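Colleague: Would you mind keeping the following structure in view while I ask a few things?
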Amino acid sequence: MLSRATLTIALSLALLTTARAQTPQITAFVGTGSQTSFMTLDFKDGVSNPVTYAFGYRYDGAKNSGDFLLALASGVPTFGATLQGSIGVGLGRYVEGLSYGGRNKFNDFGGGNSGDPNGFWSLWTSSNGFTGWSESQVGIDGRALTSGSWDGWSWTADFNNPSAPPQTPVAAPEPSALALLGLGVPGFFVIRRRYNPS
């Protein structure tokens, strides 16, 4: 039989794991439909609160990353996406600039504009938005969305530096989980008895 101390430690660890579970903090959803995909936007600019943003896109039928960006640009205030034509045979459109909430990162491959000639946006993909990010090997027109998929846009300031995966913002734990964690195991038993006297 487990001692009370062992049980206390086990339950406290379980509560701590629940409180720390990573849930993405979604800034806004756009579109309607039975399928939902997500996107992280990471300006990598060192600005906090929050450092990055995440968005959701509801849709039906076949959609790609370009469709997602255009839906955000038309449905979310202060979100902007500048897409340009093909950068090579069969590569489709590319992202020249992305902006949201007063932040703007814009590359200037051709010169003569106000963008950064050395910076660029890279597209990453993940199954959950937190782990397993891999840099996309296709452009926005070739990246087919599936329900539950994650796109990630990450800014790199200099072509000489390797691009890095985006960081998805994490939602704060539920207040009830934090309250239970603060109360510890005795509080857990009090709550349990209230709902199950036997």
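The way I read the labels, and the way they are meant: chains A, B, ... in the order of the structure tokens, residue 1 as the first residue of every chain, and ligand 1 as the first ligand shown, with later ones counted on from there.
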Near Gly129 (chain A), within 12 Å and counting only C-alpha atoms, which residues show up once chain neighbours fewer than 6 positions away are dropped, as a JSON list (two decimals) with all heavy atoms, in the first residue's frame?
Modeller:
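The resulting file, result-v7.json, is shown below:
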[["chain", "number", "residue", "atom", "x", "y", "z"],
["A", 22, "GLN", "N", 0.99, 21.94, -22.88],
["A", 22, "GLN", "CA", 1.09, 23.01, -23.86],
["A", 22, "GLN", "C", -0.17, 23.07, -24.71],
["A", 22, "GLN", "O", -0.50, 22.12, -25.42],
["A", 22, "GLN", "CB", 2.31, 22.80, -24.74],
["A", 22, "GLN", "CG", 3.61, 23.06, -24.02],
["A", 22, "GLN", "CD", 4.80, 22.98, -24.95],
["A", 22, "GLN", "OE1", 4.89, 22.10, -25.78],
["A", 22, "GLN", "NE2", 5.72, 23.92, -24.82],
["A", 23, "THR", "N", -0.84, 24.18, -24.61],
["A", 23, "THR", "CA", -2.00, 24.47, -25.43],
["A", 23, "THR", "C", -1.69, 25.75, -26.19],
["A", 23, "THR", "O", -1.33, 26.75, -25.57],
["A", 23, "THR", "CB", -3.25, 24.66, -24.56],
["A", 23, "THR", "OG1", -3.46, 23.48, -23.78],
["A", 23, "THR", "CG2", -4.48, 24.94, -25.42],
["A", 24, "PRO", "N", -1.81, 25.74, -27.52],
["A", 24, "PRO", "CA", -1.49, 26.97, -28.26],
["A", 24, "PRO", "C", -2.46, 28.09, -27.96],
["A", 24, "PRO", "O", -3.65, 27.86, -27.75],
["A", 24, "PRO", "CB", -1.59, 26.52, -29.73],
["A", 24, "PRO", "CG", -2.45, 25.31, -29.71],
["A", 24, "PRO", "CD", -2.22, 24.64, -28.39],
["A", 25, "GLN", "N", -1.94, 29.29, -27.91],
["A", 25, "GLN", "CA", -2.76, 30.48, -27.72],
["A", 25, "GLN", "C", -3.13, 31.03, -29.09],
["A", 25, "GLN", "O", -2.30, 31.63, -29.77],
["A", 25, "GLN", "CB", -2.00, 31.52, -26.91],
["A", 25, "GLN", "CG", -2.80, 32.80, -26.68],
["A", 25, "GLN", "CD", -2.01, 33.80, -25.87],
["A", 25, "GLN", "OE1", -1.03, 33.46, -25.20],
["A", 25, "GLN", "NE2", -2.42, 35.06, -25.92],
["A", 26, "ILE", "N", -4.35, 30.78, -29.52],
["A", 26, "ILE", "CA", -4.79, 31.19, -30.85],
["A", 26, "ILE", "C", -5.29, 32.64, -30.80],
["A", 26, "ILE", "O", -6.20, 32.97, -30.04],
["A", 26, "ILE", "CB", -5.91, 30.27, -31.38],
["A", 26, "ILE", "CG1", -5.45, 28.80, -31.35],
["A", 26, "ILE", "CG2", -6.31, 30.67, -32.79],
["A", 26, "ILE", "CD1", -4.24, 28.49, -32.19],
["A", 37, "SER", "N", -6.96, 24.21, -39.89],
["A", 37, "SER", "CA", -5.50, 24.20, -39.87],
["A", 37, "SER", "C", -5.03, 25.41, -39.07],
["A", 37, "SER", "O", -5.80, 26.35, -38.84],
["A", 37, "SER", "CB", -4.93, 24.24, -41.29],
["A", 37, "SER", "OG", -5.17, 23.01, -41.95],
["A", 38, "PHE", "N", -3.76, 25.38, -38.67],
["A", 38, "PHE", "CA", -3.22, 26.42, -37.80],
["A", 38, "PHE", "C", -1.92, 26.97, -38.37],
["A", 38, "PHE", "O", -1.26, 26.33, -39.18],
["A", 38, "PHE", "CB", -2.98, 25.85, -36.40],
["A", 38, "PHE", "CG", -4.21, 25.26, -35.78],
["A", 38, "PHE", "CD1", -4.49, 23.91, -35.92],
["A", 38, "PHE", "CD2", -5.10, 26.05, -35.08],
["A", 38, "PHE", "CE1", -5.63, 23.36, -35.37],
["A", 38, "PHE", "CE2", -6.24, 25.51, -34.52],
["A", 38, "PHE", "CZ", -6.51, 24.17, -34.65],
["A", 39, "MET", "N", -1.57, 28.18, -37.92],
["A", 39, "MET", "CA", -0.35, 28.81, -38.38],
["A", 39, "MET", "C", 0.29, 29.61, -37.26],
["A", 39, "MET", "O", -0.40, 30.31, -36.52],
["A", 39, "MET", "CB", -0.64, 29.77, -39.54],
["A", 39, "MET", "CG", 0.61, 30.36, -40.17],
["A", 39, "MET", "SD", 0.26, 31.76, -41.24],
["A", 39, "MET", "CE", 0.07, 33.04, -40.02],
["A", 40, "THR", "N", 1.60, 29.49, -37.13],
["A", 40, "THR", "CA", 2.39, 30.30, -36.21],
["A", 40, "THR", "C", 3.12, 31.36, -37.01],
["A", 40, "THR", "O", 3.65, 31.09, -38.08],
["A", 40, "THR", "CB", 3.42, 29.43, -35.46],
["A", 40, "THR", "OG1", 2.72, 28.48, -34.65],
["A", 40, "THR", "CG2", 4.31, 30.27, -34.58],
["A", 41, "LEU", "N", 3.14, 32.58, -36.49],
["A", 41, "LEU", "CA", 3.84, 33.70, -37.12],
["A", 41, "LEU", "C", 4.86, 34.22, -36.12],
["A", 41, "LEU", "O", 4.50, 34.75, -35.07],
["A", 41, "LEU", "CB", 2.84, 34.80, -37.49],
["A", 41, "LEU", "CG", 3.39, 36.06, -38.13],
["A", 41, "LEU", "CD1", 4.09, 35.77, -39.45],
["A", 41, "LEU", "CD2", 2.27, 37.08, -38.34],
["A", 53, "TYR", "N", 2.62, 34.78, -32.70],
["A", 53, "TYR", "CA", 1.16, 34.72, -32.80],
["A", 53, "TYR", "C", 0.77, 33.40, -33.47],
["A", 53, "TYR", "O", 1.53, 32.83, -34.24],
["A", 53, "TYR", "CB", 0.63, 35.88, -33.65],
["A", 53, "TYR", "CG", 1.05, 37.24, -33.13],
["A", 53, "TYR", "CD1", 2.20, 37.86, -33.62],
["A", 53, "TYR", "CD2", 0.31, 37.89, -32.15],
["A", 53, "TYR", "CE1", 2.60, 39.10, -33.14],
["A", 53, "TYR", "CE2", 0.70, 39.13, -31.67],
["A", 53, "TYR", "CZ", 1.85, 39.73, -32.17],
["A", 53, "TYR", "OH", 2.24, 40.95, -31.69],
["A", 54, "ALA", "N", -0.44, 32.94, -33.18],
["A", 54, "ALA", "CA", -0.96, 31.74, -33.82],
["A", 54, "ALA", "C", -2.38, 32.02, -34.30],
["A", 54, "ALA", "O", -3.14, 32.72, -33.63],
["A", 54, "ALA", "CB", -0.94, 30.55, -32.87],
["A", 55, "PHE", "N", -2.72, 31.46, -35.46],
["A", 55, "PHE", "CA", -4.03, 31.69, -36.07],
["A", 55, "PHE", "C", -4.63, 30.36, -36.52],
["A", 55, "PHE", "O", -3.91, 29.39, -36.78],
["A", 55, "PHE", "CB", -3.90, 32.61, -37.29],
["A", 55, "PHE", "CG", -3.29, 33.94, -36.98],
["A", 55, "PHE", "CD1", -1.92, 34.14, -37.09],
["A", 55, "PHE", "CD2", -4.08, 35.00, -36.55],
["A", 55, "PHE", "CE1", -1.34, 35.36, -36.80],
["A", 55, "PHE", "CE2", -3.51, 36.23, -36.25],
["A", 55, "PHE", "CZ", -2.14, 36.42, -36.38],
["A", 56, "GLY", "N", -5.96, 30.33, -36.60],
["A", 56, "GLY", "CA", -6.66, 29.15, -37.08],
["A", 56, "GLY", "C", -7.44, 29.47, -38.35],
["A", 56, "GLY", "O", -7.90, 30.61, -38.54],
["A", 148, "GLY", "N", -5.94, 19.87, -38.95],
["A", 148, "GLY", "CA", -5.04, 19.71, -37.82],
["A", 148, "GLY", "C", -3.59, 20.06, -38.13],
["A", 148, "GLY", "O", -2.75, 20.06, -37.23],
["A", 149, "SER", "N", -3.27, 20.35, -39.39],
["A", 149, "SER", "CA", -1.89, 20.66, -39.76],
["A", 149, "SER", "C", -1.47, 22.04, -39.26],
["A", 149, "SER", "O", -2.30, 22.91, -39.02],
["A", 149, "SER", "CB", -1.72, 20.59, -41.28],
["A", 149, "SER", "OG", -2.49, 21.60, -41.92],
["A", 150, "TRP", "N", -0.17, 22.21, -39.09],
["A", 150, "TRP", "CA", 0.41, 23.48, -38.65],
["A", 150, "TRP", "C", 1.42, 23.98, -39.69],
["A", 150, "TRP", "O", 2.30, 23.24, -40.10],
["A", 150, "TRP", "CB", 1.14, 23.31, -37.32],
["A", 150, "TRP", "CG", 0.23, 23.37, -36.13],
["A", 150, "TRP", "CD1", -0.49, 22.34, -35.61],
["A", 150, "TRP", "CD2", -0.03, 24.50, -35.31],
["A", 150, "TRP", "NE1", -1.20, 22.77, -34.52],
["A", 150, "TRP", "CE2", -0.92, 24.09, -34.31],
["A", 150, "TRP", "CE3", 0.42, 25.83, -35.33],
["A", 150, "TRP", "CZ2", -1.40, 24.96, -33.33],
["A", 150, "TRP", "CZ3", -0.05, 26.69, -34.35],
["A", 150, "TRP", "CH2", -0.95, 26.26, -33.36],
["A", 151, "ASP", "N", 1.28, 25.24, -40.08],
["A", 151, "ASP", "CA", 2.29, 25.96, -40.83],
["A", 151, "ASP", "C", 2.99, 26.90, -39.85],
["A", 151, "ASP", "O", 2.37, 27.39, -38.90],
["A", 151, "ASP", "CB", 1.67, 26.82, -41.94],
["A", 151, "ASP", "CG", 1.28, 26.01, -43.16],
["A", 151, "ASP", "OD1", 1.38, 24.78, -43.11],
["A", 151, "ASP", "OD2", 0.85, 26.62, -44.16],
["A", 152, "GLY", "N", 4.25, 27.16, -40.07],
["A", 152, "GLY", "CA", 4.96, 28.11, -39.24],
["A", 152, "GLY", "C", 5.81, 29.03, -40.10],
["A", 152, "GLY", "O", 6.57, 28.56, -40.94],
["A", 153, "TRP", "N", 5.66, 30.34, -39.89],
["A", 153, "TRP", "CA", 6.46, 31.32, -40.62],
["A", 153, "TRP", "C", 7.48, 31.92, -39.67],
["A", 153, "TRP", "O", 7.14, 32.43, -38.61],
["A", 153, "TRP", "CB", 5.57, 32.40, -41.23],
["A", 153, "TRP", "CG", 4.77, 31.87, -42.37],
["A", 153, "TRP", "CD1", 3.49, 31.44, -42.34],
["A", 153, "TRP", "CD2", 5.23, 31.68, -43.71],
["A", 153, "TRP", "NE1", 3.11, 30.98, -43.58],
["A", 153, "TRP", "CE2", 4.16, 31.11, -44.45],
["A", 153, "TRP", "CE3", 6.45, 31.90, -44.36],
["A", 153, "TRP", "CZ2", 4.28, 30.80, -45.80],
["A", 153, "TRP", "CZ3", 6.56, 31.59, -45.70],
["A", 153, "TRP", "CH2", 5.48, 31.04, -46.41],
["A", 165, "PRO", "N", 13.22, 27.25, -36.60],
["A", 165, "PRO", "CA", 11.78, 27.02, -36.54],
["A", 165, "PRO", "C", 11.07, 28.06, -35.69],
["A", 165, "PRO", "O", 11.68, 28.65, -34.80],
["A", 165, "PRO", "CB", 11.67, 25.62, -35.91],
["A", 165, "PRO", "CG", 12.94, 25.41, -35.19],
["A", 165, "PRO", "CD", 13.97, 26.17, -35.96],
["A", 166, "PRO", "N", 9.80, 28.29, -35.96],
["A", 166, "PRO", "CA", 9.04, 29.25, -35.17],
["A", 166, "PRO", "C", 8.71, 28.70, -33.79],
["A", 166, "PRO", "O", 8.78, 27.49, -33.56],
["A", 166, "PRO", "CB", 7.76, 29.44, -36.00],
["A", 166, "PRO", "CG", 7.58, 28.12, -36.68],
["A", 166, "PRO", "CD", 8.98, 27.64, -36.99],
["A", 167, "GLN", "N", 8.36, 29.60, -32.89],
["A", 167, "GLN", "CA", 7.90, 29.22, -31.55],
["A", 167, "GLN", "C", 6.41, 29.57, -31.45],
["A", 167, "GLN", "O", 6.03, 30.72, -31.64],
["A", 167, "GLN", "CB", 8.68, 29.98, -30.48],
["A", 167, "GLN", "CG", 10.17, 29.68, -30.48],
["A", 167, "GLN", "CD", 10.48, 28.25, -30.11],
["A", 167, "GLN", "OE1", 9.96, 27.74, -29.12],
["A", 167, "GLN", "NE2", 11.31, 27.60, -30.90],
["A", 168, "THR", "N", 5.59, 28.60, -31.14],
["A", 168, "THR", "CA", 4.16, 28.82, -31.01],
["A", 168, "THR", "C", 3.83, 29.36, -29.63],
["A", 168, "THR", "O", 4.34, 28.83, -28.63],
["A", 168, "THR", "CB", 3.40, 27.50, -31.25],
["A", 168, "THR", "OG1", 3.66, 27.04, -32.58],
["A", 168, "THR", "CG2", 1.90, 27.68, -31.08],
["A", 169, "PRO", "N", 3.01, 30.41, -29.54],
["A", 169, "PRO", "CA", 2.66, 30.95, -28.21],
["A", 169, "PRO", "C", 1.84, 29.94, -27.42],
["A", 169, "PRO", "O", 1.01, 29.22, -27.97],
["A", 169, "PRO", "CB", 1.85, 32.20, -28.54],
["A", 169, "PRO", "CG", 1.32, 31.98, -29.91],
["A", 169, "PRO", "CD", 2.35, 31.15, -30.63],
["A", 170, "VAL", "N", 2.10, 29.89, -26.12],
["A", 170, "VAL", "CA", 1.43, 28.93, -25.25],
["A", 170, "VAL", "C", 0.39, 29.65, -24.40],
["A", 170, "VAL", "O", 0.66, 30.70, -23.81],
["A", 170, "VAL", "CB", 2.46, 28.24, -24.33],
["A", 170, "VAL", "CG1", 1.77, 27.25, -23.40],
["A", 170, "VAL", "CG2", 3.52, 27.54, -25.16]]
Colleague: Please report the interatomic distance between CA of Gln137 (chain A) and CA of Leu123 (chain A) in Å with one decimal.
Modeller: 8.6 Å
Colleague: Just how far from CA of Tyr94 (chain A) is CA of Thr32 (chain A), in Å to one decimal?
Modeller: 25.2 Å
Colleague: If we count only C-alpha atoms, what is near Trp155 (chain A) at a cut-off of 8 Å, once residues fewer than 4 positions away on the same chain are taken out, given as a list of chain:residue names?
Modeller: A:Asp42, A:Phe43, A:Lys44, A:Lys105, A:Gly119, A:Phe120, A:Trp121, A:Ser122, A:Ser163
Colleague: Go ahead and write the residues just picked, all heavy atoms, as a compact mmCIF listing (two decimals), in the first residue's frame.
Modeller:
# COMPACT_ATOMS: atom_id res chain seq x y z
N ASP A 42 6.14 34.03 -36.42
CA ASP A 42 7.22 34.39 -35.50
C ASP A 42 8.14 35.41 -36.17
O ASP A 42 8.88 35.09 -37.09
CB ASP A 42 8.00 33.13 -35.12
CG ASP A 42 8.96 33.37 -33.96
OD1 ASP A 42 9.28 34.53 -33.66
OD2 ASP A 42 9.40 32.37 -33.36
N PHE A 43 8.08 36.66 -35.67
CA PHE A 43 8.89 37.73 -36.25
C PHE A 43 10.34 37.66 -35.81
O PHE A 43 11.19 38.35 -36.38
CB PHE A 43 8.30 39.09 -35.86
CG PHE A 43 7.02 39.41 -36.56
CD1 PHE A 43 5.79 39.10 -35.98
CD2 PHE A 43 7.02 40.00 -37.81
CE1 PHE A 43 4.61 39.39 -36.62
CE2 PHE A 43 5.84 40.30 -38.46
CZ PHE A 43 4.62 39.99 -37.87
N LYS A 44 10.66 36.85 -34.82
CA LYS A 44 12.03 36.71 -34.33
C LYS A 44 12.69 38.07 -34.09
O LYS A 44 13.86 38.28 -34.39
CB LYS A 44 12.90 35.92 -35.34
CG LYS A 44 12.43 34.52 -35.62
CD LYS A 44 12.73 33.57 -34.49
CE LYS A 44 12.38 32.14 -34.89
NZ LYS A 44 12.41 31.23 -33.76
N LYS A 105 7.77 42.52 -41.40
CA LYS A 105 9.05 42.05 -41.93
C LYS A 105 8.86 41.82 -43.42
O LYS A 105 7.98 41.08 -43.85
CB LYS A 105 9.49 40.76 -41.25
CG LYS A 105 9.80 40.91 -39.77
CD LYS A 105 11.04 41.77 -39.53
CE LYS A 105 11.36 41.84 -38.05
NZ LYS A 105 12.54 42.67 -37.79
N GLY A 119 17.02 39.73 -45.45
CA GLY A 119 16.11 38.93 -44.64
C GLY A 119 15.15 38.12 -45.49
O GLY A 119 14.92 38.41 -46.67
N PHE A 120 14.58 37.08 -44.88
CA PHE A 120 13.61 36.26 -45.61
C PHE A 120 12.72 35.50 -44.64
O PHE A 120 13.08 35.25 -43.48
CB PHE A 120 14.33 35.27 -46.54
CG PHE A 120 15.16 34.24 -45.82
CD1 PHE A 120 14.65 32.97 -45.56
CD2 PHE A 120 16.46 34.53 -45.41
CE1 PHE A 120 15.42 32.01 -44.90
CE2 PHE A 120 17.24 33.58 -44.77
CZ PHE A 120 16.71 32.32 -44.50
N TRP A 121 11.53 35.14 -45.12
CA TRP A 121 10.60 34.30 -44.38
C TRP A 121 10.79 32.85 -44.81
O TRP A 121 10.90 32.57 -45.99
CB TRP A 121 9.15 34.71 -44.68
CG TRP A 121 8.72 35.97 -44.01
CD1 TRP A 121 8.58 37.20 -44.57
CD2 TRP A 121 8.34 36.12 -42.64
NE1 TRP A 121 8.16 38.11 -43.64
CE2 TRP A 121 7.99 37.46 -42.44
CE3 TRP A 121 8.26 35.24 -41.56
CZ2 TRP A 121 7.58 37.95 -41.20
CZ3 TRP A 121 7.85 35.72 -40.33
CH2 TRP A 121 7.51 37.07 -40.17
N SER A 122 10.81 31.95 -43.84
CA SER A 122 10.87 30.53 -44.17
C SER A 122 9.61 29.85 -43.65
O SER A 122 9.07 30.21 -42.61
CB SER A 122 12.11 29.87 -43.57
OG SER A 122 12.16 30.03 -42.16
N SER A 163 18.03 29.49 -40.99
CA SER A 163 16.70 29.79 -40.48
C SER A 163 16.40 28.87 -39.30
O SER A 163 16.96 27.78 -39.18
CB SER A 163 15.65 29.62 -41.58
OG SER A 163 15.72 28.33 -42.14
Colleague: Given the choices A:Ser134, A:Thr156, A:Thr52, A:Thr125, which gets closest to Ser65 (chain A) if the distance is worked out from only C-alpha atoms?
Modeller: A:Thr125
Colleague: I'd like to know which of A:Ser154, A:Thr82, A:Gly139, A:Trp133 is closest to Leu69 (chain A), using only C-alpha atoms.
Modeller: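 Of A:Ser154, A:Thr82, A:Gly139, A:Trp133, the one nearest Leu69 (chain A) is A:Thr82, counting only C-alpha atoms.
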Colleague: So that I can check the secondary structure, give me every residue of region 16-168 of chain A assigned strand (DSSP E or B) by backbone DSSP, as number ranges by chain.
Modeller: A: 24, 28-31, 35-42, 52-59, 64, 80-84, 94-100, 103-107, 116, 120-126, 134-135, 144, 150-156
Colleague: Identify which of the residues A:Arg143, A:Ala28, A:Phe79, A:Gln84 lies closest to Tyr57 (chain A), counting only C-alpha atoms when measuring atom-to-atom distances.
Modeller: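 Using only C-alpha atoms, Tyr57 (chain A) sits closest to A:Ala28.
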Colleague: Return as a PyMOL selection string the full set of residues in region 20-135 of chain A whose backbone-based DSSP assignment is helix (DSSP H, G or I).
Modeller: chain A and resi 20+65-75
Colleague: Given the choices A:Asn107, A:Val95, A:Glu135, A:Thr78, which gets closest to Pro162 (chain A) if the distance is worked out from only C-alpha atoms?
Modeller: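 Of all the options, A:Glu135 lies closest to Pro162 (chain A).
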Colleague: Counting only C-alpha atoms, which of A:Ala73, A:Ala171, A:Ala164, A:Val30 gets nearest to Trp124 (chain A)?
Modeller: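 Ranking A:Ala73, A:Ala171, A:Ala164, A:Val30 by distance to Trp124 (chain A), first place goes to A:Ala164.
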Colleague: Identify which of the residues A:Thr36, A:Ser136, A:Asn104, A:Asn118 lies closest to Lys63 (chain A), counting only C-alpha atoms when measuring atom-to-atom distances.
Modeller: A:Thr36
